[in-house]
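Colleague: Here you go, work_32.txt (compact mmCIF, C-alpha atoms):
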# COMPACT_ATOMS: atom_id res chain seq x y z
CA MET A 217 -124.36 77.91 -42.45
CA THR A 218 -126.23 76.85 -39.33
CA ARG A 219 -130.01 76.77 -39.40
CA LYS A 220 -131.60 79.63 -37.46
CA HIS A 221 -133.73 78.70 -34.47
CA ASP A 222 -137.40 79.68 -34.25
CA PHE A 223 -136.39 82.20 -31.57
CA PHE A 224 -134.34 84.19 -34.11
CA LYS A 225 -137.00 83.90 -36.83
CA ALA A 226 -139.79 85.14 -34.53
CA ASN A 227 -137.69 88.14 -33.45
CA PHE A 228 -136.64 88.88 -37.04
CA ILE A 229 -140.29 89.08 -38.14
CA TYR A 230 -141.18 91.06 -35.04
CA LEU A 231 -138.50 93.64 -35.84
CA ILE A 232 -140.09 94.06 -39.28
CA ILE A 233 -143.45 94.56 -37.55
CA LEU A 234 -142.00 97.19 -35.22
CA LEU A 235 -140.42 99.08 -38.12
CA GLY A 236 -143.81 98.99 -39.82
CA PHE A 237 -145.44 100.37 -36.66
CA VAL A 238 -142.92 103.21 -36.50
CA SER A 239 -143.41 104.04 -40.19
CA ILE A 240 -147.17 104.20 -39.75
CA ARG A 241 -146.77 106.46 -36.70
CA ILE A 242 -144.56 108.82 -38.71
CA ILE A 243 -147.01 108.87 -41.63
CA SER A 244 -149.87 109.63 -39.21
CA ALA A 245 -147.88 112.39 -37.45
CA LEU A 246 -147.13 114.07 -40.79
CA ASP A 247 -150.79 113.81 -41.89
CA ALA A 248 -149.51 112.32 -45.14
CA LEU A 249 -152.87 110.65 -45.77
CA SER A 250 -155.08 113.53 -44.64
CA PHE A 251 -156.36 113.92 -48.21
CA MET A 252 -158.03 110.52 -47.82
CA GLY A 253 -160.06 111.59 -44.78
CA GLU A 254 -161.18 108.87 -42.35
CA PHE A 255 -160.43 106.20 -44.96
CA GLY A 256 -156.72 106.96 -44.54
CA SER A 257 -156.77 105.97 -40.85
CA TYR A 258 -158.74 102.81 -41.64
CA LEU A 259 -156.24 101.93 -44.38
CA MET A 260 -153.32 102.35 -41.96
CA ASN A 261 -155.16 100.19 -39.42
CA ILE A 262 -155.72 97.43 -41.97
CA ILE A 263 -152.04 97.50 -43.01
CA LEU A 264 -150.94 97.45 -39.37
CA GLN A 265 -153.33 94.79 -38.09
CA ILE A 266 -153.84 92.44 -41.02
CA GLY A 267 -150.71 93.13 -43.09
CA LEU A 268 -148.16 93.18 -40.27
CA LEU A 269 -149.61 91.44 -37.21
CA PHE A 270 -151.49 88.65 -38.98
CA VAL A 271 -150.07 87.99 -42.45
CA LEU A 272 -146.39 87.98 -41.44
CA PRO A 273 -146.77 85.43 -38.57
CA MET A 274 -149.15 83.27 -40.63
CA LEU A 275 -147.28 83.34 -43.96
CA LEU A 276 -143.68 84.52 -43.54
CA TYR A 277 -143.02 82.68 -40.26
CA PRO A 278 -143.90 79.21 -41.64
CA ARG A 279 -141.91 79.98 -44.79
CA LEU A 280 -138.81 80.67 -42.71
CA ARG A 281 -139.50 77.54 -40.64
CA LYS A 282 -140.27 75.50 -43.77
CA THR A 283 -143.58 74.27 -42.41
CA SER A 284 -147.06 74.13 -43.91
CA PHE A 285 -149.74 76.73 -43.19
CA LYS A 286 -151.79 74.13 -41.28
CA THR A 287 -148.86 73.06 -39.11
CA ASN A 288 -147.93 76.68 -38.43
CA ALA A 289 -151.49 77.56 -37.41
CA LYS A 290 -151.47 74.66 -34.96
CA ASP A 291 -148.05 75.67 -33.61
CA LEU A 292 -149.35 79.19 -33.07
CA GLY A 293 -152.16 77.78 -30.93
CA TYR A 294 -155.10 77.74 -33.31
CA LYS A 295 -156.77 74.73 -31.74
CA LYS A 296 -160.53 74.55 -31.35
CA ILE A 297 -162.18 74.69 -27.94
CA SER A 298 -165.66 73.73 -26.78
CA PHE A 299 -168.63 76.11 -26.73
CA VAL A 300 -168.61 76.01 -22.92
CA ALA A 301 -164.94 77.10 -22.95
CA VAL A 302 -165.89 80.01 -25.24
CA LEU A 303 -168.53 81.19 -22.77
CA ILE A 304 -166.09 80.91 -19.86
CA ALA A 305 -163.48 82.91 -21.80
CA MET A 306 -166.09 85.61 -22.45
CA ALA A 307 -166.83 85.82 -18.71
CA ILE A 308 -163.09 86.08 -18.03
CA GLY A 309 -162.95 88.95 -20.52
CA VAL A 310 -165.56 90.89 -18.52
CA VAL A 311 -163.61 90.42 -15.27
CA VAL A 312 -160.35 91.40 -16.98
CA TYR A 313 -161.97 94.60 -18.28
CA ILE A 314 -163.08 95.65 -14.80
CA LEU A 315 -159.67 94.90 -13.31
CA ASN A 316 -158.02 96.70 -16.20
CA ILE A 317 -159.80 99.93 -15.25
CA GLY A 318 -158.13 99.83 -11.85
CA VAL A 319 -154.68 98.88 -13.18
CA SER A 320 -154.66 101.57 -15.88
CA SER A 321 -156.01 104.23 -13.50
CA PHE A 322 -153.32 103.43 -10.92
CA PHE A 323 -150.49 103.56 -13.46
CA ASN A 324 -151.77 106.78 -15.04
CA PHE A 325 -151.90 108.29 -11.54
CA ILE A 326 -148.25 107.35 -10.97
CA ILE A 327 -146.96 108.82 -14.24
CA THR A 328 -149.06 111.95 -13.62
CA LEU A 329 -147.24 112.41 -10.31
CA LEU A 330 -143.98 112.23 -12.28
CA GLY A 331 -145.10 115.18 -14.40
CA TYR A 332 -146.73 113.44 -17.34
CA GLU A 333 -149.75 115.20 -18.80
CA LYS A 334 -152.26 112.90 -20.44
CA PHE A 335 -153.65 114.05 -23.75
CA THR A 336 -157.43 114.16 -23.59
CA SER A 337 -159.94 115.20 -26.20
CA THR A 338 -162.16 118.08 -25.18
CA THR A 339 -165.05 116.97 -27.35
CA SER A 340 -167.16 113.84 -27.26
CA THR A 341 -169.30 113.82 -30.36
CA ALA A 342 -172.04 111.30 -31.01
CA TYR A 343 -171.70 109.00 -33.99
CA PRO A 344 -174.23 106.91 -35.96
CA THR A 345 -175.06 103.34 -34.97
CA TYR A 346 -173.27 101.79 -37.95
CA MET A 347 -170.04 103.33 -36.67
CA LEU A 348 -170.39 101.20 -33.53
CA PHE A 349 -169.86 98.09 -35.66
CA VAL A 350 -167.03 99.75 -37.60
CA ASN A 351 -165.31 100.61 -34.32
CA LEU A 352 -165.89 97.10 -33.02
CA LEU A 353 -164.22 95.70 -36.13
CA PHE A 354 -161.17 97.96 -35.99
CA THR A 355 -160.82 98.25 -32.20
CA ALA A 356 -161.93 94.83 -30.96
CA VAL A 357 -162.11 92.14 -33.67
CA LEU A 358 -158.93 92.88 -35.64
CA PRO A 359 -156.68 93.62 -32.62
CA ALA A 360 -157.92 90.51 -30.80
CA ILE A 361 -157.13 88.20 -33.72
CA CYS A 362 -154.06 89.92 -35.17
CA GLU A 363 -152.27 91.06 -32.00
CA GLU A 364 -152.80 87.66 -30.37
CA THR A 365 -151.55 85.86 -33.48
CA THR A 366 -148.28 87.77 -33.19
CA HIS A 367 -147.76 87.84 -29.41
CA ARG A 368 -149.48 84.75 -27.98
CA GLY A 369 -148.92 82.91 -31.26
CA MET A 370 -145.61 83.57 -33.03
CA LEU A 371 -143.63 85.08 -30.13
CA LEU A 372 -144.83 82.60 -27.53
CA HIS A 373 -144.03 79.73 -29.90
CA GLY A 374 -140.67 81.19 -30.87
CA TYR A 375 -139.71 81.64 -27.22
CA LYS A 376 -141.22 78.40 -25.90
CA GLU A 377 -137.93 76.49 -25.61
CA LEU A 378 -136.60 79.16 -23.27
CA GLY A 379 -139.16 77.79 -20.81
CA ALA A 380 -142.77 78.82 -20.21
CA LYS A 381 -141.95 81.59 -17.72
CA LYS A 382 -139.50 83.45 -19.96
CA ALA A 383 -141.69 82.93 -23.01
CA ILE A 384 -144.70 84.47 -21.25
CA PHE A 385 -142.68 87.36 -19.79
CA LEU A 386 -140.86 88.36 -23.00
CA SER A 387 -143.96 88.13 -25.19
CA ALA A 388 -145.95 90.19 -22.66
CA LEU A 389 -143.22 92.82 -22.36
CA LEU A 390 -143.07 93.27 -26.12
CA PHE A 391 -146.87 93.37 -26.24
CA GLY A 392 -146.84 96.26 -23.79
CA LEU A 393 -144.01 98.10 -25.54
CA THR A 394 -145.49 97.65 -29.00
CA HIS A 395 -148.39 99.91 -28.07
CA LEU A 396 -145.69 102.61 -28.32
CA ASN A 397 -147.47 104.63 -25.66
CA ILE A 398 -146.50 105.09 -22.03
CA GLU A 399 -150.16 105.27 -20.97
CA GLN A 400 -150.89 101.82 -22.38
CA PHE A 401 -147.56 100.11 -21.63
CA PHE A 402 -148.16 99.01 -18.04
CA TYR A 403 -151.68 97.61 -18.25
CA ALA A 404 -151.02 96.08 -21.68
CA THR A 405 -148.02 94.24 -20.21
CA ILE A 406 -150.10 93.00 -17.25
CA ILE A 407 -152.85 91.77 -19.58
CA GLY A 408 -150.16 90.22 -21.80
CA LEU A 409 -148.82 88.23 -18.85
CA PHE A 410 -152.27 86.87 -18.08
CA LEU A 411 -153.09 86.09 -21.73
CA GLY A 412 -149.74 84.33 -22.14
CA LEU A 413 -150.40 82.25 -19.03
CA LEU A 414 -153.89 81.46 -20.32
CA THR A 415 -152.52 80.35 -23.69
CA VAL A 416 -149.86 78.13 -22.14
CA MET A 417 -152.24 76.51 -19.66
CA THR A 418 -155.01 75.87 -22.20
CA SER A 419 -152.64 75.02 -25.10
CA SER A 420 -154.83 77.20 -27.33
CA ILE A 421 -154.73 80.82 -28.46
CA ILE A 422 -158.53 81.01 -28.81
CA PRO A 423 -159.25 81.90 -25.14
CA ALA A 424 -156.72 84.75 -25.31
CA ILE A 425 -158.37 86.07 -28.49
CA ILE A 426 -161.80 85.99 -26.84
CA VAL A 427 -160.59 87.73 -23.65
CA HIS A 428 -158.78 90.37 -25.72
CA PHE A 429 -161.90 90.93 -27.81
CA MET A 430 -164.18 91.25 -24.79
CA ASN A 431 -161.85 93.74 -23.08
CA ASN A 432 -161.78 96.03 -26.14
CA ALA A 433 -165.40 95.50 -27.17
CA ILE A 434 -166.83 96.48 -23.78
CA SER A 435 -164.85 99.72 -23.94
CA VAL A 436 -166.16 100.47 -27.44
CA VAL A 437 -169.79 99.74 -26.53
CA LEU A 438 -169.66 101.84 -23.35
CA GLY A 439 -168.03 104.68 -25.28
CA PHE A 440 -170.83 104.53 -27.84
CA PHE A 441 -173.59 104.80 -25.24
CA VAL A 442 -171.77 107.55 -23.33
CA SER A 443 -171.49 109.62 -26.52
CA THR A 444 -175.02 108.98 -27.81
CA ASN A 445 -177.15 108.76 -24.67
CA ALA A 446 -176.98 111.73 -22.28
CA LYS A 447 -178.90 109.90 -19.54
CA PHE A 448 -176.59 106.88 -19.69
CA ALA A 449 -173.55 109.18 -19.71
CA ALA A 450 -174.77 110.98 -16.58
CA GLN A 451 -175.47 107.68 -14.75
CA TYR A 452 -172.12 106.26 -15.87
CA THR A 453 -170.27 109.30 -14.52
CA GLN A 454 -172.30 109.32 -11.31
CA PHE A 455 -171.51 105.66 -10.70
CA PHE A 456 -167.77 106.29 -10.61
CA THR A 457 -168.28 109.42 -8.55
CA ASN A 458 -170.26 107.47 -5.94
CA ILE A 459 -167.71 104.68 -5.54
CA THR A 460 -164.76 107.07 -5.23
CA SER A 461 -166.34 109.72 -3.00
CA GLY A 462 -166.83 109.58 0.75
CA ASN A 463 -164.53 108.53 3.55
CA PHE A 464 -161.04 107.81 2.18
CA PHE A 465 -160.49 104.77 4.42
CA VAL A 466 -163.86 103.28 3.47
CA VAL A 467 -163.18 103.83 -0.24
CA ILE A 468 -159.75 102.15 -0.03
CA CYS A 469 -161.13 99.17 1.93
CA GLY A 470 -164.01 98.85 -0.51
CA MET A 471 -161.66 98.92 -3.49
CA PHE A 472 -159.38 96.34 -1.89
CA LEU A 473 -162.34 94.04 -1.19
CA LEU A 474 -163.69 94.45 -4.74
CA VAL A 475 -160.31 93.74 -6.34
CA SER A 476 -159.81 90.69 -4.09
CA LEU A 477 -163.21 89.28 -5.05
CA LEU A 478 -162.55 89.91 -8.74
CA LEU A 479 -159.16 88.19 -8.54
CA LEU A 480 -160.74 85.19 -6.82
CA LEU A 481 -163.43 85.08 -9.50
CA LEU A 482 -160.76 85.36 -12.21
CA GLY A 483 -158.81 82.48 -10.68
CA PHE A 484 -161.93 80.33 -10.42
CA LEU A 485 -163.01 81.00 -14.02
CA THR A 486 -159.47 80.34 -15.27
CA TRP A 487 -159.38 76.97 -13.50
CA ILE A 488 -162.77 76.02 -14.97
CA LEU A 489 -161.52 77.03 -18.42
CA ILE A 490 -158.41 74.86 -18.03
CA LYS A 491 -160.61 71.90 -17.04
CA HIS A 492 -162.65 72.35 -20.23
CA THR A 493 -159.59 72.70 -22.49
CA ALA A 494 -156.18 71.26 -21.59
CA ILE A 495 -157.35 68.78 -18.93
CA ALA A 496 -160.26 67.58 -21.06
CA LYS A 497 -157.93 67.13 -24.04
CA PHE A 498 -155.35 65.30 -21.92
CA ASN A 499 -157.97 62.92 -20.50
CA SER A 500 -159.41 62.27 -23.95
CA LEU A 501 -156.03 61.48 -25.50
CA ALA A 502 -154.96 59.40 -22.48
CA ASN A 503 -158.16 57.37 -22.79
CA GLU A 504 -157.52 56.86 -26.50
CA LEU A 505 -153.93 55.73 -25.90
CA THR A 506 -155.04 53.42 -23.09
CA LYS A 507 -157.56 51.72 -25.37
CA LYS A 508 -154.87 51.35 -28.02
CA LYS A 509 -152.52 49.78 -25.46
CA LEU A 510 -155.22 47.33 -24.33
CA ARG A 511 -155.91 46.31 -27.94
CA GLN A 512 -152.20 45.70 -28.47
CA GLU A 513 -152.01 43.54 -25.35
CA LEU A 514 -155.09 41.64 -26.41
CA MET A 515 -153.54 40.92 -29.79
CA ASN A 516 -150.17 40.08 -28.17
CA GLU A 517 -148.54 42.92 -30.07
CA VAL A 518 -146.64 44.35 -27.09
CA ASP A 519 -143.05 43.17 -26.59
CA THR A 520 -141.93 41.89 -23.21
CA ILE A 521 -139.54 44.85 -22.95
CA GLU A 522 -141.18 47.99 -24.26
CA THR A 523 -139.10 50.69 -25.89
CA PRO A 524 -140.29 54.27 -25.51
CA GLU A 525 -141.63 55.91 -28.65
CA ALA A 526 -139.73 58.84 -30.11
CA ASN A 527 -140.63 62.30 -28.73
CA SER A 528 -142.88 60.83 -26.04
CA ILE A 529 -143.03 60.61 -22.26
CA ALA A 530 -144.13 57.59 -20.22
CA ILE A 531 -147.25 58.12 -18.09
CA GLY A 532 -148.79 55.61 -15.71
CA VAL A 533 -152.58 55.19 -15.86
CA GLU A 534 -155.05 52.94 -14.08
CA HIS A 535 -157.76 51.13 -16.02
CA ASN A 536 -160.13 48.64 -14.40
CA ASN A 537 -157.77 48.20 -11.42
CA LYS A 538 -154.92 47.53 -13.81
CA ASN A 539 -151.81 49.73 -14.01
CA LEU A 540 -150.69 50.56 -17.53
CA LYS A 541 -147.84 52.59 -18.98
CA ILE A 542 -148.66 54.68 -22.03
CA TYR A 543 -146.40 56.95 -24.05
CA PHE A 544 -147.81 60.45 -24.32
CA PRO A 545 -146.57 62.61 -27.25
CA ILE A 546 -144.39 65.45 -25.93
CA GLU A 547 -145.86 67.92 -28.42
CA GLU A 548 -149.25 67.41 -26.78
CA MET A 549 -147.84 68.37 -23.38
CA GLY A 550 -147.80 72.04 -24.36
CA TYR A 551 -145.01 74.43 -23.43
CA PRO A 552 -141.88 73.13 -21.62
CA LEU A 553 -141.46 74.41 -18.09
CA GLU A 554 -137.69 74.23 -18.22
CA ARG A 555 -135.28 75.84 -20.67
CA LYS A 556 -134.40 73.61 -23.63
CA TYR A 557 -132.57 76.06 -25.86
CA LYS A 558 -129.60 78.34 -25.20
CA THR A 559 -129.63 81.53 -27.25
CA ASN A 560 -126.55 82.63 -29.18
CA TYR A 561 -125.30 86.18 -29.77
CA GLN A 562 -127.35 86.53 -32.99
CA ASP A 563 -130.54 85.54 -31.15
CA LYS A 564 -129.80 87.97 -28.34
CA ALA A 565 -128.92 90.79 -30.74
CA MET A 566 -132.24 90.43 -32.56
CA LEU A 567 -134.21 90.39 -29.30
CA ILE A 568 -132.31 93.42 -27.97
CA ALA A 569 -133.03 95.27 -31.23
CA CYS A 570 -136.77 94.65 -30.79
CA LEU A 571 -136.77 95.66 -27.12
CA SER A 572 -134.61 98.73 -27.71
CA LEU A 573 -136.66 100.13 -30.58
CA ALA A 574 -139.99 99.68 -28.79
CA SER A 575 -138.57 100.96 -25.46
CA LEU A 576 -137.09 104.11 -26.97
CA ILE A 577 -140.36 105.12 -28.61
CA THR A 578 -142.38 104.34 -25.48
CA LEU A 579 -139.93 106.36 -23.37
CA PHE A 580 -140.15 109.20 -25.90
CA THR A 581 -143.95 109.39 -25.44
CA PHE A 582 -143.37 109.76 -21.69
CA ILE A 583 -140.77 112.52 -22.14
CA TRP A 584 -143.02 114.27 -24.68
CA GLY A 585 -145.88 114.15 -22.15
CA ILE A 586 -143.67 115.80 -19.52
CA ILE A 587 -142.36 118.48 -21.88
Re-express the file's structure as structure tokens.
Modeller:
Amino acid sequence: MTRKHDFFKANFIYLIILLGFVSIRIISALDALSFMGEFGSYLMNIILQIGLLFVLPMLLYPRLRKTSFKTNAKDLGYKKISFVAVLIAMAIGVVVYILNIGVSSFFNFIITLLGYEKFTSTTSTAYPTYMLFVNLLFTAVLPAICEETTHRGMLLHGYKELGAKKAIFLSALLFGLTHLNIEQFFYATIIGLFLGLLTVMTSSIIPAIIVHFMNNAISVVLGFFVSTNAKFAAQYTQFFTNITSGNFFVVICGMFLLVSLLLLLLGFLTWILIKHTAIAKFNSLANELTKKKLRQELMNEVDTIETPEANSIAIGVEHNNKNLKIYFPIEEMGYPLERKYKTNYQDKAMLIACLSLASLITLFTFIWGII
């Protein structure tokens, strides 16, 4: 029996996660845990986030791959970043949140034109301060860690040998579909594309977790103040009224200019983040390997004809006006740009099963909204 590739294993676990999602949705729709009150919804959230999205990729995935927990965590992108990189990622999260408002509003406008009616609550009740922290935990902290572990961790790793582009696209598409809601599908997919790109370019999942957290946390905090502070709520509503009212042409031009500036800022912050993560790590390791090479030459330990080390790539560096050739470990290069693995029919069948299940439910929410 041939050994299954990581691609198959990641999709197999993801199918289990999707089936768990569907089961929880059915239980919620039937009010099967209504006797437990609010605790029932929190319990379902814990099972969904921690039990499915975190435990399975962190424990079952390495078991199928026959790797240690530490190795699996590293493969999934759990690599530390500097404090400066954390701050930059937080700033990126703020920009992403603002852009997300525009993306989600545009998509909701489109599906509304197609006949979809968005479900909205008619009441906005205030809640105590301690509930702010509870909502932050269940809406920002857990989703940021658990959803990223699955999508930018397990899926991105499982798909990596298809090439970076396909890995980012497929993991983002499933991220959008797994929300199982037509209203969230489009903007979640867009954010997933960006978070996947961020993870690949920084070789760490931590920035994606921070951006995801900031996006959700800002929404929770604003919702808290809108529901508990009438003055803030009025000013918040008036702000959006002011920027969308007036001459149509002026509003459109203003929106276009704002989005352009935000995209430029996002690109700039992303580049700075890459400099403080992947580039800094590359320079540090290259410097270490160069020093090792110089020590070997000094001790006459280098053969006249060098043989490349296994799983490494030759890179030319300059040190004190001297050209050296060092062998950089391929695993430290991050995600391959080109395809290195060809999927078989079993791999494709498992991926199609995941896409089909999530797509059908997402499509059903759209049809239900029209009916």
Colleague: Restricting the calculation to all atoms listed in the file: of A:Thr578, A:Asn316, A:Thr559, A:Ser298, which residue gets closest to Asp222 in chain A?
Modeller: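 Among A:Thr578, A:Asn316, A:Thr559, A:Ser298, it is A:Thr559 that comes nearest to Asp222 in chain A.
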Colleague: Please provide as a list in words all residues within 9 Å of Ile586 in chain A, with the sequence filter that same-chain residues fewer than 6 positions apart are discarded (counting all atoms listed in the file).
Modeller: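 So, after excluding close chain neighbours, the residues are Thr328, Leu330, Gly331, Tyr332 and Glu333 of chain A.
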Colleague: Could the residues in this selection be written to a file with C-alpha atoms, as a PDB file, in the frame of the given file?
Modeller:
ATOM      1  CA  THR A 328    -149.060 111.950 -13.620  1.00  0.00           C
ATOM      2  CA  LEU A 330    -143.980 112.230 -12.280  1.00  0.00           C
ATOM      3  CA  GLY A 331    -145.100 115.180 -14.400  1.00  0.00           C
ATOM      4  CA  TYR A 332    -146.730 113.440 -17.340  1.00  0.00           C
ATOM      5  CA  GLU A 333    -149.750 115.200 -18.800  1.00  0.00           C
TER       6      GLU A 333
END
Colleague: Using all atoms listed in the file, what residues lie at most 12 Å away from (-136.4, 85.7, -27.6) (file coordinates), given as a PDB file with C-alpha atoms, in the coordinates of the input?
Modeller:
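The resulting file, result_34.pdb, is reproduced below:
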ATOM      1  CA  HIS A 221    -133.730  78.700 -34.470  1.00  0.00           C
ATOM      2  CA  ASP A 222    -137.400  79.680 -34.250  1.00  0.00           C
ATOM      3  CA  PHE A 223    -136.390  82.200 -31.570  1.00  0.00           C
ATOM      4  CA  PHE A 224    -134.340  84.190 -34.110  1.00  0.00           C
ATOM      5  CA  LYS A 225    -137.000  83.900 -36.830  1.00  0.00           C
ATOM      6  CA  ALA A 226    -139.790  85.140 -34.530  1.00  0.00           C
ATOM      7  CA  ASN A 227    -137.690  88.140 -33.450  1.00  0.00           C
ATOM      8  CA  PHE A 228    -136.640  88.880 -37.040  1.00  0.00           C
ATOM      9  CA  ILE A 229    -140.290  89.080 -38.140  1.00  0.00           C
ATOM     10  CA  TYR A 230    -141.180  91.060 -35.040  1.00  0.00           C
ATOM     11  CA  LEU A 231    -138.500  93.640 -35.840  1.00  0.00           C
ATOM     12  CA  HIS A 367    -147.760  87.840 -29.410  1.00  0.00           C
ATOM     13  CA  MET A 370    -145.610  83.570 -33.030  1.00  0.00           C
ATOM     14  CA  LEU A 371    -143.630  85.080 -30.130  1.00  0.00           C
ATOM     15  CA  LEU A 372    -144.830  82.600 -27.530  1.00  0.00           C
ATOM     16  CA  HIS A 373    -144.030  79.730 -29.900  1.00  0.00           C
ATOM     17  CA  GLY A 374    -140.670  81.190 -30.870  1.00  0.00           C
ATOM     18  CA  TYR A 375    -139.710  81.640 -27.220  1.00  0.00           C
ATOM     19  CA  LYS A 376    -141.220  78.400 -25.900  1.00  0.00           C
ATOM     20  CA  GLU A 377    -137.930  76.490 -25.610  1.00  0.00           C
ATOM     21  CA  LEU A 378    -136.600  79.160 -23.270  1.00  0.00           C
ATOM     22  CA  GLY A 379    -139.160  77.790 -20.810  1.00  0.00           C
ATOM     23  CA  ALA A 380    -142.770  78.820 -20.210  1.00  0.00           C
ATOM     24  CA  LYS A 382    -139.500  83.450 -19.960  1.00  0.00           C
ATOM     25  CA  ALA A 383    -141.690  82.930 -23.010  1.00  0.00           C
ATOM     26  CA  ILE A 384    -144.700  84.470 -21.250  1.00  0.00           C
ATOM     27  CA  PHE A 385    -142.680  87.360 -19.790  1.00  0.00           C
ATOM     28  CA  LEU A 386    -140.860  88.360 -23.000  1.00  0.00           C
ATOM     29  CA  SER A 387    -143.960  88.130 -25.190  1.00  0.00           C
ATOM     30  CA  ALA A 388    -145.950  90.190 -22.660  1.00  0.00           C
ATOM     31  CA  LEU A 389    -143.220  92.820 -22.360  1.00  0.00           C
ATOM     32  CA  LEU A 390    -143.070  93.270 -26.120  1.00  0.00           C
ATOM     33  CA  TYR A 557    -132.570  76.060 -25.860  1.00  0.00           C
ATOM     34  CA  LYS A 558    -129.600  78.340 -25.200  1.00  0.00           C
ATOM     35  CA  THR A 559    -129.630  81.530 -27.250  1.00  0.00           C
ATOM     36  CA  ASN A 560    -126.550  82.630 -29.180  1.00  0.00           C
ATOM     37  CA  TYR A 561    -125.300  86.180 -29.770  1.00  0.00           C
ATOM     38  CA  GLN A 562    -127.350  86.530 -32.990  1.00  0.00           C
ATOM     39  CA  ASP A 563    -130.540  85.540 -31.150  1.00  0.00           C
ATOM     40  CA  LYS A 564    -129.800  87.970 -28.340  1.00  0.00           C
ATOM     41  CA  ALA A 565    -128.920  90.790 -30.740  1.00  0.00           C
ATOM     42  CA  MET A 566    -132.240  90.430 -32.560  1.00  0.00           C
ATOM     43  CA  LEU A 567    -134.210  90.390 -29.300  1.00  0.00           C
ATOM     44  CA  ILE A 568    -132.310  93.420 -27.970  1.00  0.00           C
ATOM     45  CA  ALA A 569    -133.030  95.270 -31.230  1.00  0.00           C
ATOM     46  CA  CYS A 570    -136.770  94.650 -30.790  1.00  0.00           C
ATOM     47  CA  LEU A 571    -136.770  95.660 -27.120  1.00  0.00           C
TER      48      LEU A 571
END
Colleague: Near range 479-494 of chain A, within 12 Å and counting all atoms listed in the file, which residues show up once chain neighbours fewer than 6 positions away are dropped, as a CSV table (one decimal) with C-alpha atoms, keeping the file's coordinate frame?
Modeller:
chain,number,residue,atom,x,y,z
A,295,LYS,CA,-156.8,74.7,-31.7
A,296,LYS,CA,-160.5,74.6,-31.4
A,297,ILE,CA,-162.2,74.7,-27.9
A,298,SER,CA,-165.7,73.7,-26.8
A,299,PHE,CA,-168.6,76.1,-26.7
A,300,VAL,CA,-168.6,76.0,-22.9
A,301,ALA,CA,-164.9,77.1,-23.0
A,302,VAL,CA,-165.9,80.0,-25.2
A,303,LEU,CA,-168.5,81.2,-22.8
A,304,ILE,CA,-166.1,80.9,-19.9
A,305,ALA,CA,-163.5,82.9,-21.8
A,306,MET,CA,-166.1,85.6,-22.4
A,307,ALA,CA,-166.8,85.8,-18.7
A,308,ILE,CA,-163.1,86.1,-18.0
A,309,GLY,CA,-163.0,89.0,-20.5
A,310,VAL,CA,-165.6,90.9,-18.5
A,311,VAL,CA,-163.6,90.4,-15.3
A,312,VAL,CA,-160.4,91.4,-17.0
A,313,TYR,CA,-162.0,94.6,-18.3
A,314,ILE,CA,-163.1,95.6,-14.8
A,315,LEU,CA,-159.7,94.9,-13.3
A,316,ASN,CA,-158.0,96.7,-16.2
A,410,PHE,CA,-152.3,86.9,-18.1
A,411,LEU,CA,-153.1,86.1,-21.7
A,413,LEU,CA,-150.4,82.2,-19.0
A,414,LEU,CA,-153.9,81.5,-20.3
A,415,THR,CA,-152.5,80.4,-23.7
A,416,VAL,CA,-149.9,78.1,-22.1
A,417,MET,CA,-152.2,76.5,-19.7
A,418,THR,CA,-155.0,75.9,-22.2
A,419,SER,CA,-152.6,75.0,-25.1
A,420,SER,CA,-154.8,77.2,-27.3
A,421,ILE,CA,-154.7,80.8,-28.5
A,422,ILE,CA,-158.5,81.0,-28.8
A,423,PRO,CA,-159.2,81.9,-25.1
A,424,ALA,CA,-156.7,84.8,-25.3
A,427,VAL,CA,-160.6,87.7,-23.6
A,472,PHE,CA,-159.4,96.3,-1.9
A,473,LEU,CA,-162.3,94.0,-1.2
A,500,SER,CA,-159.4,62.3,-24.0
A,501,LEU,CA,-156.0,61.5,-25.5
A,502,ALA,CA,-155.0,59.4,-22.5
A,548,GLU,CA,-149.2,67.4,-26.8
A,549,MET,CA,-147.8,68.4,-23.4
A,550,GLY,CA,-147.8,72.0,-24.4
A,551,TYR,CA,-145.0,74.4,-23.4
Colleague: Between CA of Phe285 in chain A and CA of Leu358 in chain A, what is the distance, to one decimal in Å?
Modeller: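 We find that CA of Phe285 in chain A and CA of Leu358 in chain A lie 20.1 Å from each other.
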Colleague: So which one's closest to Leu474 in chain A, A:Met252, A:Gly318, A:Ala245, A:Phe354? Using all atoms listed in the file, please.
Modeller: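 Closest candidate: A:Gly318.
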Colleague: Provide the CA of Phe456 in chain A to CA of Leu478 in chain A distance in Å, to one decimal place.
Modeller: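 Value for the CA of Phe456 in chain A-CA of Leu478 in chain A distance: 17.3 Å.
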Colleague: Would you mind reading off the distance between CA of Leu246 in chain A and CA of Gly267 in chain A, one decimal, in Å?
Modeller: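 We find that CA of Leu246 in chain A and CA of Gly267 in chain A lie 21.4 Å from each other.
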Colleague: Near Pro344 in chain A, counting all atoms listed in the file, which residues have an atom at most 10 Å away, once you skip same-chain residues fewer than 3 positions from it, shown as an MDAnalysis selection string?
Modeller: chainID A and resid 347:349 440 444
Colleague: Let me see the file: selected residues, C-alpha atoms, as a PDB file, keeping the file's coordinate frame.
Modeller:
ATOM      1  CA  MET A 347    -170.040 103.330 -36.670  1.00  0.00           C
ATOM      2  CA  LEU A 348    -170.390 101.200 -33.530  1.00  0.00           C
ATOM      3  CA  PHE A 349    -169.860  98.090 -35.660  1.00  0.00           C
ATOM      4  CA  PHE A 440    -170.830 104.530 -27.840  1.00  0.00           C
ATOM      5  CA  THR A 444    -175.020 108.980 -27.810  1.00  0.00           C
TER       6      THR A 444
END
Colleague: Padding 6 Å on every side, please: axis-aligned box over the listed atoms of range 363-378 of chain A, centre and edge lengths to one decimal in Å, as AutoDock Vina command-line options.
Modeller:
--center_x -144.7 --center_y 83.8 --center_z -28.4 --size_x 28.2 --size_y 26.6 --size_z 22.2
